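Participant: Just passing along the structure, written as structure tokens.
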Amino acid sequence: MVKPGEKTYLKYKICVSGAAETGHCAAGTLEKSKQLGKEIVKHNAVLVNGATTGFPLWAAMGAQEAGGFTIGLSPASSEKEHINDYKLPVDYMDIIIYTGFGYAGRNLLLTRSSDAVIVGCGRIGTLNEFTVAFEDDKPIGILIDTGGTADMVKKIVDNSHRGPGKIIYESDPKLLVEKVLEMIKKEKIIEL
């Protein structure tokens, strides 16, 4: 409970991006995702994801198990469309925001509304979320050794001739969250 006159701070919002379909992911990836969600909560942050299945869902499970708060951004315009048309779950979400913008529009809002993006095993949609975050100069964490696009990002960045970005590459979810939070804190310093 906040007392009158006591200063409060907003919690950091960390987007977890990854594949909804995880058949191509490395062994142990879903458990790493769950641990990632738990670490986000342990560091007093809020988990944000695409209100989907797979890697992001497992991160939300971990966050919920740790007593955290989760926000999902859906490509659908309503809960009915989210469930019936997109076939997406509502499990492990405290709040789902129905964007009505499809996947591409949802991805833009998802990354822009977060303080940082952490990428795990992914596919083309995950790569889209990564590139939006990269173009927006967001702090990005890559959970390497999880498979899919997460393990391709370094090569893509190196061959794109756009500089290294603000990217941390790490295989340990705990260390990755800690390093990403340090980047966020540096970004949040406001000079008066």
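Residue names in the structure tokens use chain letters A, B, ... in the order shown, residue numbers from 1 in each chain, and ligand numbers from 1 in the order shown.
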Using only C-alpha atoms, what does the table of region 29-63 of chain A residues within 9 Å of region 10-21 of chain A look like, with each row giving the shortest atom pair and its distance in Å to one decimal, sorted by chain and ascending number, as a tab-separated table?
Facilitator:
residue	atom	partner	partner_atom	distance
A:Ser33	CA	A:Val16	CA	8.7
A:Leu36	CA	A:Val16	CA	8.6
A:Gly37	CA	A:Val16	CA	8.3
A:Ile40	CA	A:Ile14	CA	7.4
A:Asn44	CA	A:Lys11	CA	6.7
A:Ala45	CA	A:Tyr12	CA	4.9
A:Val46	CA	A:Lys13	CA	4.8
A:Leu47	CA	A:Ile14	CA	5.2
A:Val48	CA	A:Cys15	CA	4.5
A:Asn49	CA	A:Val16	CA	5.3
A:Gly50	CA	A:Ser17	CA	7.5
A:Thr52	CA	A:Ala20	CA	6.2
A:Thr53	CA	A:Ala20	CA	4.7
A:Gly54	CA	A:Ala20	CA	4.1
A:Phe55	CA	A:Gly18	CA	5.2
A:Pro56	CA	A:Gly18	CA	5.8
A:Leu57	CA	A:Ala20	CA	8.0
A:Ala59	CA	A:Val16	CA	7.2
A:Ala60	CA	A:Val16	CA	8.7
Participant: I'd like to know which residues of region 61-157 of chain A are strand (DSSP E) (by DSSP, run on the backbone); could you write them as a list of chain:residue names?
Facilitator: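 DSSP-assigned strand (DSSP E) residues in region 61-157 of chain A: A:Thr70, A:Ile71, A:Gly72, A:Leu73, A:Ser74, A:Ile95, A:Ile96, A:Ile97, A:Tyr98, A:Ala116, A:Val117, A:Ile118, A:Val119, A:Ile140, A:Gly141, A:Ile142, A:Leu143.
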Participant: I'd like to know which residues of region 22-184 of chain A are alpha helix (DSSP H) (by DSSP, run on the backbone); could you write them as a PyMOL selection string?
Facilitator: chain A and resi 29-42+54-65+79-84+102-112+124-135+153-160+173-184
Participant: Could you dump the residues just selected with C-alpha atoms as a PDB file, in the first residue's frame?
Facilitator:
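As written to disk, selection06.pdb reads:
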ATOM      1  CA  THR A  29      13.263 -24.446 -24.593  1.00  0.00           C
ATOM      2  CA  LEU A  30       9.796 -24.386 -23.034  1.00  0.00           C
ATOM      3  CA  GLU A  31      11.257 -24.854 -19.551  1.00  0.00           C
ATOM      4  CA  LYS A  32      13.684 -22.001 -20.267  1.00  0.00           C
ATOM      5  CA  SER A  33      10.727 -19.886 -21.322  1.00  0.00           C
ATOM      6  CA  LYS A  34       8.911 -20.700 -18.095  1.00  0.00           C
ATOM      7  CA  GLN A  35      12.016 -19.765 -16.117  1.00  0.00           C
ATOM      8  CA  LEU A  36      12.233 -16.528 -18.103  1.00  0.00           C
ATOM      9  CA  GLY A  37       8.704 -15.614 -16.978  1.00  0.00           C
ATOM     10  CA  LYS A  38       9.565 -16.383 -13.357  1.00  0.00           C
ATOM     11  CA  GLU A  39      12.710 -14.243 -13.534  1.00  0.00           C
ATOM     12  CA  ILE A  40      10.798 -11.290 -14.973  1.00  0.00           C
ATOM     13  CA  VAL A  41       8.441 -11.429 -11.986  1.00  0.00           C
ATOM     14  CA  LYS A  42      11.244 -11.955  -9.460  1.00  0.00           C
ATOM     15  CA  GLY A  54       4.003 -21.786 -27.429  1.00  0.00           C
ATOM     16  CA  PHE A  55       7.045 -19.927 -26.131  1.00  0.00           C
ATOM     17  CA  PRO A  56       5.131 -16.786 -25.007  1.00  0.00           C
ATOM     18  CA  LEU A  57       2.485 -18.901 -23.243  1.00  0.00           C
ATOM     19  CA  TRP A  58       5.103 -20.824 -21.277  1.00  0.00           C
ATOM     20  CA  ALA A  59       6.700 -17.548 -20.191  1.00  0.00           C
ATOM     21  CA  ALA A  60       3.275 -16.389 -18.972  1.00  0.00           C
ATOM     22  CA  MET A  61       2.854 -19.673 -17.076  1.00  0.00           C
ATOM     23  CA  GLY A  62       6.134 -19.055 -15.290  1.00  0.00           C
ATOM     24  CA  ALA A  63       5.169 -15.467 -14.500  1.00  0.00           C
ATOM     25  CA  GLN A  64       1.801 -16.547 -13.090  1.00  0.00           C
ATOM     26  CA  GLU A  65       3.392 -19.346 -11.024  1.00  0.00           C
ATOM     27  CA  GLU A  79     -12.398 -12.122 -27.104  1.00  0.00           C
ATOM     28  CA  LYS A  80     -14.775 -14.023 -29.379  1.00  0.00           C
ATOM     29  CA  GLU A  81     -12.557 -13.442 -32.421  1.00  0.00           C
ATOM     30  CA  HIS A  82      -9.432 -14.202 -30.346  1.00  0.00           C
ATOM     31  CA  ILE A  83     -10.790 -17.629 -29.364  1.00  0.00           C
ATOM     32  CA  ASN A  84     -12.955 -18.630 -32.349  1.00  0.00           C
ATOM     33  CA  GLY A 102      -3.942  -8.578 -37.081  1.00  0.00           C
ATOM     34  CA  TYR A 103      -0.516  -9.998 -36.395  1.00  0.00           C
ATOM     35  CA  ALA A 104       1.609  -7.247 -37.972  1.00  0.00           C
ATOM     36  CA  GLY A 105      -0.228  -4.434 -36.179  1.00  0.00           C
ATOM     37  CA  ARG A 106      -0.262  -6.374 -32.921  1.00  0.00           C
ATOM     38  CA  ASN A 107       3.487  -6.921 -33.181  1.00  0.00           C
ATOM     39  CA  LEU A 108       4.116  -3.197 -33.562  1.00  0.00           C
ATOM     40  CA  LEU A 109       1.985  -2.310 -30.526  1.00  0.00           C
ATOM     41  CA  LEU A 110       3.454  -5.194 -28.532  1.00  0.00           C
ATOM     42  CA  THR A 111       7.051  -4.093 -28.920  1.00  0.00           C
ATOM     43  CA  ARG A 112       6.385  -0.360 -28.713  1.00  0.00           C
ATOM     44  CA  ILE A 124       8.997 -15.294 -38.934  1.00  0.00           C
ATOM     45  CA  GLY A 125       6.587 -13.447 -36.578  1.00  0.00           C
ATOM     46  CA  THR A 126       9.253 -13.421 -33.895  1.00  0.00           C
ATOM     47  CA  LEU A 127      11.714 -12.028 -36.403  1.00  0.00           C
ATOM     48  CA  ASN A 128       9.178  -9.288 -37.210  1.00  0.00           C
ATOM     49  CA  GLU A 129       8.887  -8.372 -33.518  1.00  0.00           C
ATOM     50  CA  PHE A 130      12.681  -8.360 -33.239  1.00  0.00           C
ATOM     51  CA  THR A 131      13.145  -6.062 -36.252  1.00  0.00           C
ATOM     52  CA  VAL A 132      10.513  -3.610 -35.001  1.00  0.00           C
ATOM     53  CA  ALA A 133      12.280  -3.464 -31.623  1.00  0.00           C
ATOM     54  CA  PHE A 134      15.667  -3.119 -33.350  1.00  0.00           C
ATOM     55  CA  GLU A 135      14.439  -0.257 -35.553  1.00  0.00           C
ATOM     56  CA  VAL A 153      19.599 -13.157 -34.951  1.00  0.00           C
ATOM     57  CA  LYS A 154      23.312 -12.525 -34.381  1.00  0.00           C
ATOM     58  CA  LYS A 155      24.170 -13.558 -37.931  1.00  0.00           C
ATOM     59  CA  ILE A 156      21.282 -11.469 -39.310  1.00  0.00           C
ATOM     60  CA  VAL A 157      22.433  -8.404 -37.348  1.00  0.00           C
ATOM     61  CA  ASP A 158      26.081  -8.909 -38.309  1.00  0.00           C
ATOM     62  CA  ASN A 159      25.174  -9.195 -42.016  1.00  0.00           C
ATOM     63  CA  SER A 160      22.737  -6.278 -42.020  1.00  0.00           C
ATOM     64  CA  PRO A 173      17.183 -16.861 -18.488  1.00  0.00           C
ATOM     65  CA  LYS A 174      18.154 -15.397 -15.097  1.00  0.00           C
ATOM     66  CA  LEU A 175      21.281 -13.665 -16.402  1.00  0.00           C
ATOM     67  CA  LEU A 176      19.436 -12.475 -19.500  1.00  0.00           C
ATOM     68  CA  VAL A 177      16.676 -10.801 -17.483  1.00  0.00           C
ATOM     69  CA  GLU A 178      19.228  -9.155 -15.178  1.00  0.00           C
ATOM     70  CA  LYS A 179      21.267  -7.798 -18.116  1.00  0.00           C
ATOM     71  CA  VAL A 180      18.149  -6.575 -19.945  1.00  0.00           C
ATOM     72  CA  LEU A 181      16.937  -4.790 -16.812  1.00  0.00           C
ATOM     73  CA  GLU A 182      20.291  -3.015 -16.538  1.00  0.00           C
ATOM     74  CA  MET A 183      19.861  -1.781 -20.109  1.00  0.00           C
ATOM     75  CA  ILE A 184      16.322  -0.606 -19.347  1.00  0.00           C
TER      76      ILE A 184
END
Participant: In Å, rounded to a single decimal, give me how far CA of Gly141 (chain A) is from CA of Met93 (chain A).
Facilitator: 22.0 Å
Participant: Between CA of Gly100 (chain A) and CA of Ser74 (chain A), what is the spacing in Å?
Facilitator: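 Interatomic distance here is 7.5 Å.
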Participant: Residues at most 12 Å from Thr146 (chain A), counting only C-alpha atoms, excluding those fewer than 2 positions away in the same chain, as a PDB file with N, CA and C atoms, in the first residue's frame?
Facilitator:
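As a result, out18.pdb now contains:
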ATOM      1  N   GLY A  18       8.337 -15.093 -29.103  1.00  0.00           N
ATOM      2  CA  GLY A  18       8.808 -16.415 -29.517  1.00  0.00           C
ATOM      3  C   GLY A  18       7.738 -17.137 -30.305  1.00  0.00           C
ATOM      4  N   ALA A  19       8.067 -18.320 -30.740  1.00  0.00           N
ATOM      5  CA  ALA A  19       7.194 -19.102 -31.608  1.00  0.00           C
ATOM      6  C   ALA A  19       5.943 -19.590 -30.899  1.00  0.00           C
ATOM      7  N   THR A  22       6.068 -24.690 -31.498  1.00  0.00           N
ATOM      8  CA  THR A  22       7.430 -24.889 -30.997  1.00  0.00           C
ATOM      9  C   THR A  22       8.080 -26.217 -31.383  1.00  0.00           C
ATOM     10  N   GLY A  23       7.546 -26.901 -32.386  1.00  0.00           N
ATOM     11  CA  GLY A  23       8.109 -28.191 -32.781  1.00  0.00           C
ATOM     12  C   GLY A  23       9.561 -28.121 -33.232  1.00  0.00           C
ATOM     13  N   HIS A  24      10.021 -26.977 -33.685  1.00  0.00           N
ATOM     14  CA  HIS A  24      11.394 -26.807 -34.171  1.00  0.00           C
ATOM     15  C   HIS A  24      12.354 -26.296 -33.094  1.00  0.00           C
ATOM     16  N   CYS A  25      11.842 -26.014 -31.922  1.00  0.00           N
ATOM     17  CA  CYS A  25      12.679 -25.438 -30.859  1.00  0.00           C
ATOM     18  C   CYS A  25      13.633 -26.474 -30.272  1.00  0.00           C
ATOM     19  N   ALA A  26      14.705 -26.012 -29.691  1.00  0.00           N
ATOM     20  CA  ALA A  26      15.697 -26.881 -29.064  1.00  0.00           C
ATOM     21  C   ALA A  26      15.105 -27.553 -27.823  1.00  0.00           C
ATOM     22  N   ALA A  27      15.663 -28.686 -27.463  1.00  0.00           N
ATOM     23  CA  ALA A  27      15.228 -29.400 -26.257  1.00  0.00           C
ATOM     24  C   ALA A  27      15.376 -28.483 -25.043  1.00  0.00           C
ATOM     25  N   GLY A  28      14.374 -28.485 -24.177  1.00  0.00           N
ATOM     26  CA  GLY A  28      14.418 -27.689 -22.957  1.00  0.00           C
ATOM     27  C   GLY A  28      13.987 -26.241 -23.115  1.00  0.00           C
ATOM     28  N   THR A  29      13.613 -25.841 -24.330  1.00  0.00           N
ATOM     29  CA  THR A  29      13.263 -24.446 -24.593  1.00  0.00           C
ATOM     30  C   THR A  29      12.042 -23.995 -23.803  1.00  0.00           C
ATOM     31  N   LEU A  30      11.012 -24.811 -23.732  1.00  0.00           N
ATOM     32  CA  LEU A  30       9.796 -24.386 -23.034  1.00  0.00           C
ATOM     33  C   LEU A  30      10.056 -24.199 -21.535  1.00  0.00           C
ATOM     34  N   GLU A  31      10.892 -25.034 -20.969  1.00  0.00           N
ATOM     35  CA  GLU A  31      11.257 -24.854 -19.551  1.00  0.00           C
ATOM     36  C   GLU A  31      12.070 -23.575 -19.367  1.00  0.00           C
ATOM     37  N   LYS A  32      12.943 -23.261 -20.331  1.00  0.00           N
ATOM     38  CA  LYS A  32      13.684 -22.001 -20.267  1.00  0.00           C
ATOM     39  C   LYS A  32      12.732 -20.814 -20.361  1.00  0.00           C
ATOM     40  N   SER A  33      11.708 -20.947 -21.183  1.00  0.00           N
ATOM     41  CA  SER A  33      10.727 -19.886 -21.322  1.00  0.00           C
ATOM     42  C   SER A  33       9.975 -19.675 -20.012  1.00  0.00           C
ATOM     43  N   PHE A  55       6.022 -20.565 -26.962  1.00  0.00           N
ATOM     44  CA  PHE A  55       7.045 -19.927 -26.131  1.00  0.00           C
ATOM     45  C   PHE A  55       6.478 -18.792 -25.270  1.00  0.00           C
ATOM     46  N   VAL A 119      13.654 -12.243 -26.847  1.00  0.00           N
ATOM     47  CA  VAL A 119      13.317 -13.166 -27.921  1.00  0.00           C
ATOM     48  C   VAL A 119      13.850 -14.550 -27.601  1.00  0.00           C
ATOM     49  N   GLY A 120      12.975 -15.537 -27.726  1.00  0.00           N
ATOM     50  CA  GLY A 120      13.370 -16.942 -27.613  1.00  0.00           C
ATOM     51  C   GLY A 120      13.075 -17.629 -28.923  1.00  0.00           C
ATOM     52  N   CYS A 121      13.179 -18.939 -28.942  1.00  0.00           N
ATOM     53  CA  CYS A 121      12.923 -19.725 -30.142  1.00  0.00           C
ATOM     54  C   CYS A 121      11.755 -19.144 -30.917  1.00  0.00           C
ATOM     55  N   GLY A 122      11.976 -18.828 -32.177  1.00  0.00           N
ATOM     56  CA  GLY A 122      10.916 -18.185 -32.933  1.00  0.00           C
ATOM     57  C   GLY A 122      10.860 -18.595 -34.386  1.00  0.00           C
ATOM     58  N   ARG A 123       9.905 -17.945 -35.049  1.00  0.00           N
ATOM     59  CA  ARG A 123       9.714 -18.125 -36.482  1.00  0.00           C
ATOM     60  C   ARG A 123       9.660 -16.727 -37.108  1.00  0.00           C
ATOM     61  N   ILE A 142      18.319 -11.759 -26.318  1.00  0.00           N
ATOM     62  CA  ILE A 142      18.134 -12.945 -27.149  1.00  0.00           C
ATOM     63  C   ILE A 142      18.490 -14.160 -26.298  1.00  0.00           C
ATOM     64  N   LEU A 143      17.510 -15.030 -26.073  1.00  0.00           N
ATOM     65  CA  LEU A 143      17.736 -16.268 -25.324  1.00  0.00           C
ATOM     66  C   LEU A 143      18.267 -17.299 -26.311  1.00  0.00           C
ATOM     67  N   ILE A 144      19.593 -17.345 -26.422  1.00  0.00           N
ATOM     68  CA  ILE A 144      20.233 -18.221 -27.405  1.00  0.00           C
ATOM     69  C   ILE A 144      20.151 -19.682 -26.969  1.00  0.00           C
ATOM     70  N   GLY A 148      15.363 -21.924 -33.733  1.00  0.00           N
ATOM     71  CA  GLY A 148      14.630 -20.992 -34.578  1.00  0.00           C
ATOM     72  C   GLY A 148      15.357 -19.679 -34.780  1.00  0.00           C
ATOM     73  N   THR A 149      14.578 -18.615 -34.951  1.00  0.00           N
ATOM     74  CA  THR A 149      15.163 -17.314 -35.266  1.00  0.00           C
ATOM     75  C   THR A 149      16.037 -16.763 -34.143  1.00  0.00           C
ATOM     76  N   ALA A 150      15.804 -17.184 -32.904  1.00  0.00           N
ATOM     77  CA  ALA A 150      16.639 -16.689 -31.800  1.00  0.00           C
ATOM     78  C   ALA A 150      18.112 -17.011 -32.034  1.00  0.00           C
ATOM     79  N   ASP A 151      18.358 -18.174 -32.620  1.00  0.00           N
ATOM     80  CA  ASP A 151      19.743 -18.565 -32.865  1.00  0.00           C
ATOM     81  C   ASP A 151      20.278 -18.041 -34.201  1.00  0.00           C
ATOM     82  N   MET A 152      19.444 -17.325 -34.951  1.00  0.00           N
ATOM     83  CA  MET A 152      19.870 -16.732 -36.221  1.00  0.00           C
ATOM     84  C   MET A 152      20.095 -15.223 -36.117  1.00  0.00           C
ATOM     85  N   VAL A 153      19.606 -14.614 -35.063  1.00  0.00           N
ATOM     86  CA  VAL A 153      19.599 -13.157 -34.951  1.00  0.00           C
ATOM     87  C   VAL A 153      21.001 -12.554 -35.054  1.00  0.00           C
ATOM     88  N   TYR A 169      23.033 -11.194 -25.796  1.00  0.00           N
ATOM     89  CA  TYR A 169      22.892 -12.608 -26.161  1.00  0.00           C
ATOM     90  C   TYR A 169      23.266 -13.430 -24.941  1.00  0.00           C
ATOM     91  N   GLU A 170      22.364 -14.296 -24.502  1.00  0.00           N
ATOM     92  CA  GLU A 170      22.608 -15.069 -23.271  1.00  0.00           C
ATOM     93  C   GLU A 170      21.769 -16.342 -23.318  1.00  0.00           C
ATOM     94  N   SER A 171      22.316 -17.431 -22.801  1.00  0.00           N
ATOM     95  CA  SER A 171      21.572 -18.704 -22.770  1.00  0.00           C
ATOM     96  C   SER A 171      20.887 -18.962 -21.432  1.00  0.00           C
ATOM     97  N   ASP A 172      21.240 -18.204 -20.409  1.00  0.00           N
ATOM     98  CA  ASP A 172      20.659 -18.383 -19.080  1.00  0.00           C
ATOM     99  C   ASP A 172      19.545 -17.357 -18.861  1.00  0.00           C
ATOM    100  N   PRO A 173      18.294 -17.813 -18.646  1.00  0.00           N
ATOM    101  CA  PRO A 173      17.183 -16.861 -18.488  1.00  0.00           C
ATOM    102  C   PRO A 173      17.387 -15.856 -17.357  1.00  0.00           C
TER     103      PRO A 173
END
Participant: Could you check the closest approach to Phe101 (chain A) for each of A:Leu73, A:Val117, A:Ala66, A:Ile189 and tell me which residue wins, using only C-alpha atoms?
Facilitator: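 Distance minimum relative to Phe101 (chain A) lands on A:Leu73.
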Participant: Find the residues near Glu187 (chain A): any atom within 9 Å, counting only C-alpha atoms, skip ones fewer than 5 places away on the same chain, and give them as a list in words.
Facilitator: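 Once the nearby chain positions are removed, what remains is Asp115, Lys138, Pro139 and Glu182 of chain A.
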Participant: Keeping only C-alpha atoms, write the selected residues to a file as a compact mmCIF listing (two decimals), in the first residue's frame.
Facilitator:
# COMPACT_ATOMS: atom_id res chain seq x y z
CA ASP A 115 10.43 -1.26 -22.22
CA LYS A 138 14.81 -0.87 -27.82
CA PRO A 139 16.84 -2.95 -25.40
CA GLU A 182 20.29 -3.01 -16.54
